[in-house]
Amino acid sequence: MLHPFKFRPILKSVLWGGDKIARFKGLKTRQKLIGESWEISGVEGRESIVATGPDAGLSLVELIARYKWALVGEEVYRRFGSTFPLLVKYIDAAQDLSVQVHPGDALARRRHNAMGKTEMWYVIDADPDARIGCGLSQAITPADYERLVAEKSILDVVAMHRSHAGDVFYIPAGRIHTIGAGNLLVEIQQTSDITYRIYDYDRCDPMGNPRQLHTQLAREAINYAVAADYRSHYPVDNTPGTSNLLECPYFVVKRHLLDGSQAIEMPRLDAFLIVMCIGGKATAITPDGHETPLVQGETILVPAEAAPLRLCGQAQLITASVR
């Protein structure tokens, strides 16, 4: 039986990054302005590398090629082949991120021969004045959009939300969004790195050049509909157990408050499971008794054939799998 895999985190330094990720994960590093830690990635050119065990050094793509459906599940392997369908990461916004949007599957295939990018955020920690921008606050037309971008006032029509630990935001492809300064969060998304930057506060890159905007590419990608509520709601219960955070066409995400031992029900049979430890310590136990320790900031990929999984300890965990 295959056992859970740990991967080397891919740390990305960006101009809006900070120091929370290294502290959260307990990393000793001289790397500065860490804005993202890609925990499990199948993005071409930035594939995760197995950190420990007999398969250490293999990329996620190589791992799938070696174990196929035993790793990801038969139906998942038929649908996606050697492409791992989800990308999970931590994000630390020490400064405001750009206002941006992502294309859906059809547009991404036509323009980039790639998947679209639907994502969700789970806020781990937020400063008292931290905000999340998600969706439009009022109806606009594509012509209004171009005018607002030209006037550098697009933020006037972005719905802003004060953020708190435990908040969940769903960002389907086409929804304008931005992460405000002071947020540390989990991001779970389709395997895609396509971002159309709409507004970036006139910031420059490290070479002193204005950061590129994608005004026209974004124009076609935006969903101009206005929703009544952009925050995803779930029953808030701080007693041990499982909360269903979000289910969309691409992934299922749950939160587990662990105090003792808990069997983890798979969102679907015959599929992998990602487990992210966002607080405390736990041990993942497979049916053959193999134990994998997890501490805050660590992530494991549980192979399809390693289910059902049991978790023991005192921890807060986020799990994700394909729908």
# chains A, B, ... in the order shown; residues from 1 in each chain; ligands from 1
call {"tool": "residues_around", "arguments": {"residues": "Lys281 in chain A", "least_positions_apart": "2", "cutoff": "10 Å", "atoms": "only C-alpha atoms", "output": "list in words"}}
result
Leu258, Cys277, Ile278, Gly279, Thr283, Pro293, Leu294, Val295, Gln296, Gly297, Glu298, Cys312, Gly313, Gln314, Ala315, Gln316 and Leu317 of chain A
call {"tool": "write_last_selection", "arguments": {"atoms": "all heavy atoms", "output": "short mmCIF file (atom, residue, chain, number, x, y, z; two decimals), in the first residue's frame"}}
result
data_model
loop_
_atom_site.label_atom_id
_atom_site.label_comp_id
_atom_site.auth_asym_id
_atom_site.auth_seq_id
_atom_site.Cartn_x
_atom_site.Cartn_y
_atom_site.Cartn_z
N LEU A 258 -9.75 18.48 15.35
CA LEU A 258 -9.38 17.16 15.85
C LEU A 258 -9.01 17.23 17.32
O LEU A 258 -8.16 18.04 17.72
CB LEU A 258 -8.21 16.63 15.02
CG LEU A 258 -7.72 15.21 15.26
CD1 LEU A 258 -8.80 14.21 14.87
CD2 LEU A 258 -6.45 14.96 14.44
N CYS A 277 -2.28 20.84 7.64
CA CYS A 277 -2.37 21.09 9.08
C CYS A 277 -2.18 22.58 9.32
O CYS A 277 -1.10 23.12 9.08
CB CYS A 277 -1.33 20.29 9.84
SG CYS A 277 -1.42 20.49 11.64
N ILE A 278 -3.23 23.26 9.77
CA ILE A 278 -3.14 24.71 9.98
C ILE A 278 -3.06 25.07 11.46
O ILE A 278 -3.10 26.25 11.82
CB ILE A 278 -4.30 25.46 9.30
CG1 ILE A 278 -5.65 25.03 9.86
CG2 ILE A 278 -4.25 25.24 7.79
CD1 ILE A 278 -6.80 25.89 9.35
N GLY A 279 -2.92 24.07 12.31
CA GLY A 279 -2.75 24.31 13.74
C GLY A 279 -2.62 23.01 14.49
O GLY A 279 -3.28 22.02 14.17
N THR A 283 -1.44 12.82 13.65
CA THR A 283 -0.83 11.67 13.00
C THR A 283 -1.86 11.07 12.06
O THR A 283 -2.99 10.80 12.47
CB THR A 283 -0.37 10.61 14.02
OG1 THR A 283 0.58 11.19 14.91
CG2 THR A 283 0.26 9.43 13.32
N PRO A 293 3.39 11.69 10.70
CA PRO A 293 3.15 12.84 11.58
C PRO A 293 2.92 14.12 10.78
O PRO A 293 3.46 14.29 9.69
CB PRO A 293 4.43 12.92 12.40
CG PRO A 293 5.49 12.34 11.50
CD PRO A 293 4.80 11.27 10.69
N LEU A 294 2.10 14.98 11.34
CA LEU A 294 1.78 16.27 10.73
C LEU A 294 1.86 17.36 11.80
O LEU A 294 1.29 17.20 12.88
CB LEU A 294 0.36 16.27 10.16
CG LEU A 294 0.12 15.95 8.70
CD1 LEU A 294 -1.39 15.88 8.45
CD2 LEU A 294 0.74 16.99 7.80
N VAL A 295 2.55 18.45 11.49
CA VAL A 295 2.57 19.59 12.39
C VAL A 295 2.10 20.82 11.62
O VAL A 295 1.95 20.79 10.40
CB VAL A 295 3.98 19.84 12.97
CG1 VAL A 295 4.44 18.64 13.79
CG2 VAL A 295 4.99 20.15 11.86
N GLN A 296 1.85 21.89 12.35
CA GLN A 296 1.34 23.12 11.74
C GLN A 296 2.20 23.54 10.55
O GLN A 296 3.42 23.59 10.63
CB GLN A 296 1.33 24.24 12.77
CG GLN A 296 0.86 25.58 12.21
CD GLN A 296 0.80 26.64 13.26
OE1 GLN A 296 0.00 26.56 14.19
NE2 GLN A 296 1.65 27.67 13.14
N GLY A 297 1.54 23.80 9.43
CA GLY A 297 2.23 24.25 8.23
C GLY A 297 2.61 23.14 7.28
O GLY A 297 3.06 23.41 6.16
N GLU A 298 2.43 21.87 7.69
CA GLU A 298 2.75 20.75 6.81
C GLU A 298 1.53 20.29 6.03
O GLU A 298 0.38 20.44 6.48
CB GLU A 298 3.32 19.57 7.61
CG GLU A 298 4.74 19.78 8.08
CD GLU A 298 5.35 18.49 8.63
OE1 GLU A 298 4.65 17.75 9.35
OE2 GLU A 298 6.53 18.23 8.35
N CYS A 312 -5.23 11.24 14.29
CA CYS A 312 -5.20 11.29 15.75
C CYS A 312 -4.39 12.51 16.20
O CYS A 312 -3.39 12.86 15.56
CB CYS A 312 -4.56 10.03 16.32
SG CYS A 312 -5.47 8.51 15.95
N GLY A 313 -4.82 13.14 17.28
CA GLY A 313 -4.08 14.26 17.82
C GLY A 313 -4.99 15.41 18.19
O GLY A 313 -6.21 15.28 18.31
N GLN A 314 -4.37 16.58 18.39
CA GLN A 314 -5.10 17.83 18.62
C GLN A 314 -4.66 18.79 17.53
O GLN A 314 -3.52 19.26 17.54
CB GLN A 314 -4.79 18.41 20.01
CG GLN A 314 -5.47 17.70 21.17
CD GLN A 314 -4.84 16.35 21.48
OE1 GLN A 314 -3.61 16.22 21.51
NE2 GLN A 314 -5.66 15.33 21.73
N ALA A 315 -5.55 19.05 16.59
CA ALA A 315 -5.14 19.84 15.43
C ALA A 315 -6.35 20.43 14.72
O ALA A 315 -7.49 20.00 14.91
CB ALA A 315 -4.35 18.97 14.44
N GLN A 316 -6.07 21.43 13.90
CA GLN A 316 -7.04 21.97 12.96
C GLN A 316 -6.52 21.67 11.56
O GLN A 316 -5.38 22.01 11.22
CB GLN A 316 -7.23 23.47 13.15
CG GLN A 316 -8.31 24.05 12.26
CD GLN A 316 -8.61 25.52 12.51
OE1 GLN A 316 -9.42 26.11 11.81
NE2 GLN A 316 -7.97 26.11 13.50
N LEU A 317 -7.34 21.03 10.74
CA LEU A 317 -6.91 20.53 9.45
C LEU A 317 -7.87 20.97 8.35
O LEU A 317 -9.08 21.10 8.58
CB LEU A 317 -6.85 18.99 9.46
CG LEU A 317 -6.02 18.36 10.59
CD1 LEU A 317 -6.51 16.97 10.89
CD2 LEU A 317 -4.55 18.34 10.24
#
call {"tool": "select_by_dssp", "arguments": {"residues": "range 92-239 of chain A", "states": "strand (DSSP E or B)", "output": "MDAnalysis selection string"}}
result
chainID A and resid 92:93 99:101 119:126 131:136 158:162 168:171 177:179 183:190 196:199 204 210 231:232
call {"tool": "residues_around", "arguments": {"residues": "His102 in chain A", "least_positions_apart": "4", "cutoff": "12 Å", "atoms": "only C-alpha atoms", "output": "number ranges by chain"}}
result
A: 106-108, 114-119, 171-178, 189-190, 192-198, 214, 217-223
call {"tool": "closest_residue", "arguments": {"among": "A:Leu155, A:Val101, A:Leu2, A:Leu213", "to": "Leu301 in chain A", "atoms": "only C-alpha atoms"}}
result
A:Leu2
call {"tool": "residues_around", "arguments": {"residues": "range 14-23 of chain A", "least_positions_apart": "2", "cutoff": "8 Å", "atoms": "only C-alpha atoms", "output": "list in words"}}
result
Lys12, Lys25, Gly26, Leu27, Lys28, Thr29, Lys32, Leu33, Ile34, Gly35, Glu36, Ser37, Tyr90, Ile91, Asp92, Ala93, Ala94, Gln95, Asp96, Leu97, Leu184, Asp205 and Pro206 of chain A
call {"tool": "write_last_selection", "arguments": {"atoms": "C-alpha atoms", "output": "mmCIF file, in the first residue's frame"}}
result
data_model
loop_
_atom_site.group_PDB
_atom_site.id
_atom_site.type_symbol
_atom_site.label_atom_id
_atom_site.label_comp_id
_atom_site.auth_asym_id
_atom_site.auth_seq_id
_atom_site.Cartn_x
_atom_site.Cartn_y
_atom_site.Cartn_z
ATOM 1 C CA LYS A 12 7.869 32.374 -3.779
ATOM 2 C CA LYS A 25 5.618 26.705 8.991
ATOM 3 C CA GLY A 26 8.548 26.871 11.421
ATOM 4 C CA LEU A 27 11.055 27.310 8.596
ATOM 5 C CA LYS A 28 14.569 28.638 9.053
ATOM 6 C CA THR A 29 15.292 30.548 5.871
ATOM 7 C CA LYS A 32 12.667 37.402 2.247
ATOM 8 C CA LEU A 33 9.208 38.631 1.191
ATOM 9 C CA ILE A 34 7.713 35.149 1.016
ATOM 10 C CA GLY A 35 4.218 35.672 -0.327
ATOM 11 C CA GLU A 36 3.349 32.103 -1.285
ATOM 12 C CA SER A 37 4.244 28.565 -0.283
ATOM 13 C CA TYR A 90 -0.401 29.350 1.683
ATOM 14 C CA ILE A 91 -0.530 33.087 0.963
ATOM 15 C CA ASP A 92 0.828 35.894 3.166
ATOM 16 C CA ALA A 93 -0.254 39.357 2.062
ATOM 17 C CA ALA A 94 1.971 41.870 3.837
ATOM 18 C CA GLN A 95 0.773 44.426 1.262
ATOM 19 C CA ASP A 96 -2.356 44.569 -0.870
ATOM 20 C CA LEU A 97 -2.295 42.211 -3.835
ATOM 21 C CA LEU A 184 -2.679 34.777 5.978
ATOM 22 C CA ASP A 205 8.961 45.300 -10.292
ATOM 23 C CA PRO A 206 12.457 44.943 -8.709
#
call {"tool": "select_by_dssp", "arguments": {"residues": "range 11-82 of chain A", "states": "alpha helix (DSSP H)", "output": "list in words"}}
result
Lys20, Ile21, Ala22, Arg23, Phe24, Lys25, Leu60, Val61, Glu62, Leu63, Ile64, Ala65, Arg66, Tyr67, Trp69, Ala70, Leu71, Val72, Glu74, Glu75, Val76, Tyr77, Arg78, Arg79 and Phe80 of chain A
call {"tool": "atom_distance", "arguments": {"atom1": "CA of Arg203 in chain A", "atom2": "CA of Leu148 in chain A"}}
result
17.8 Å
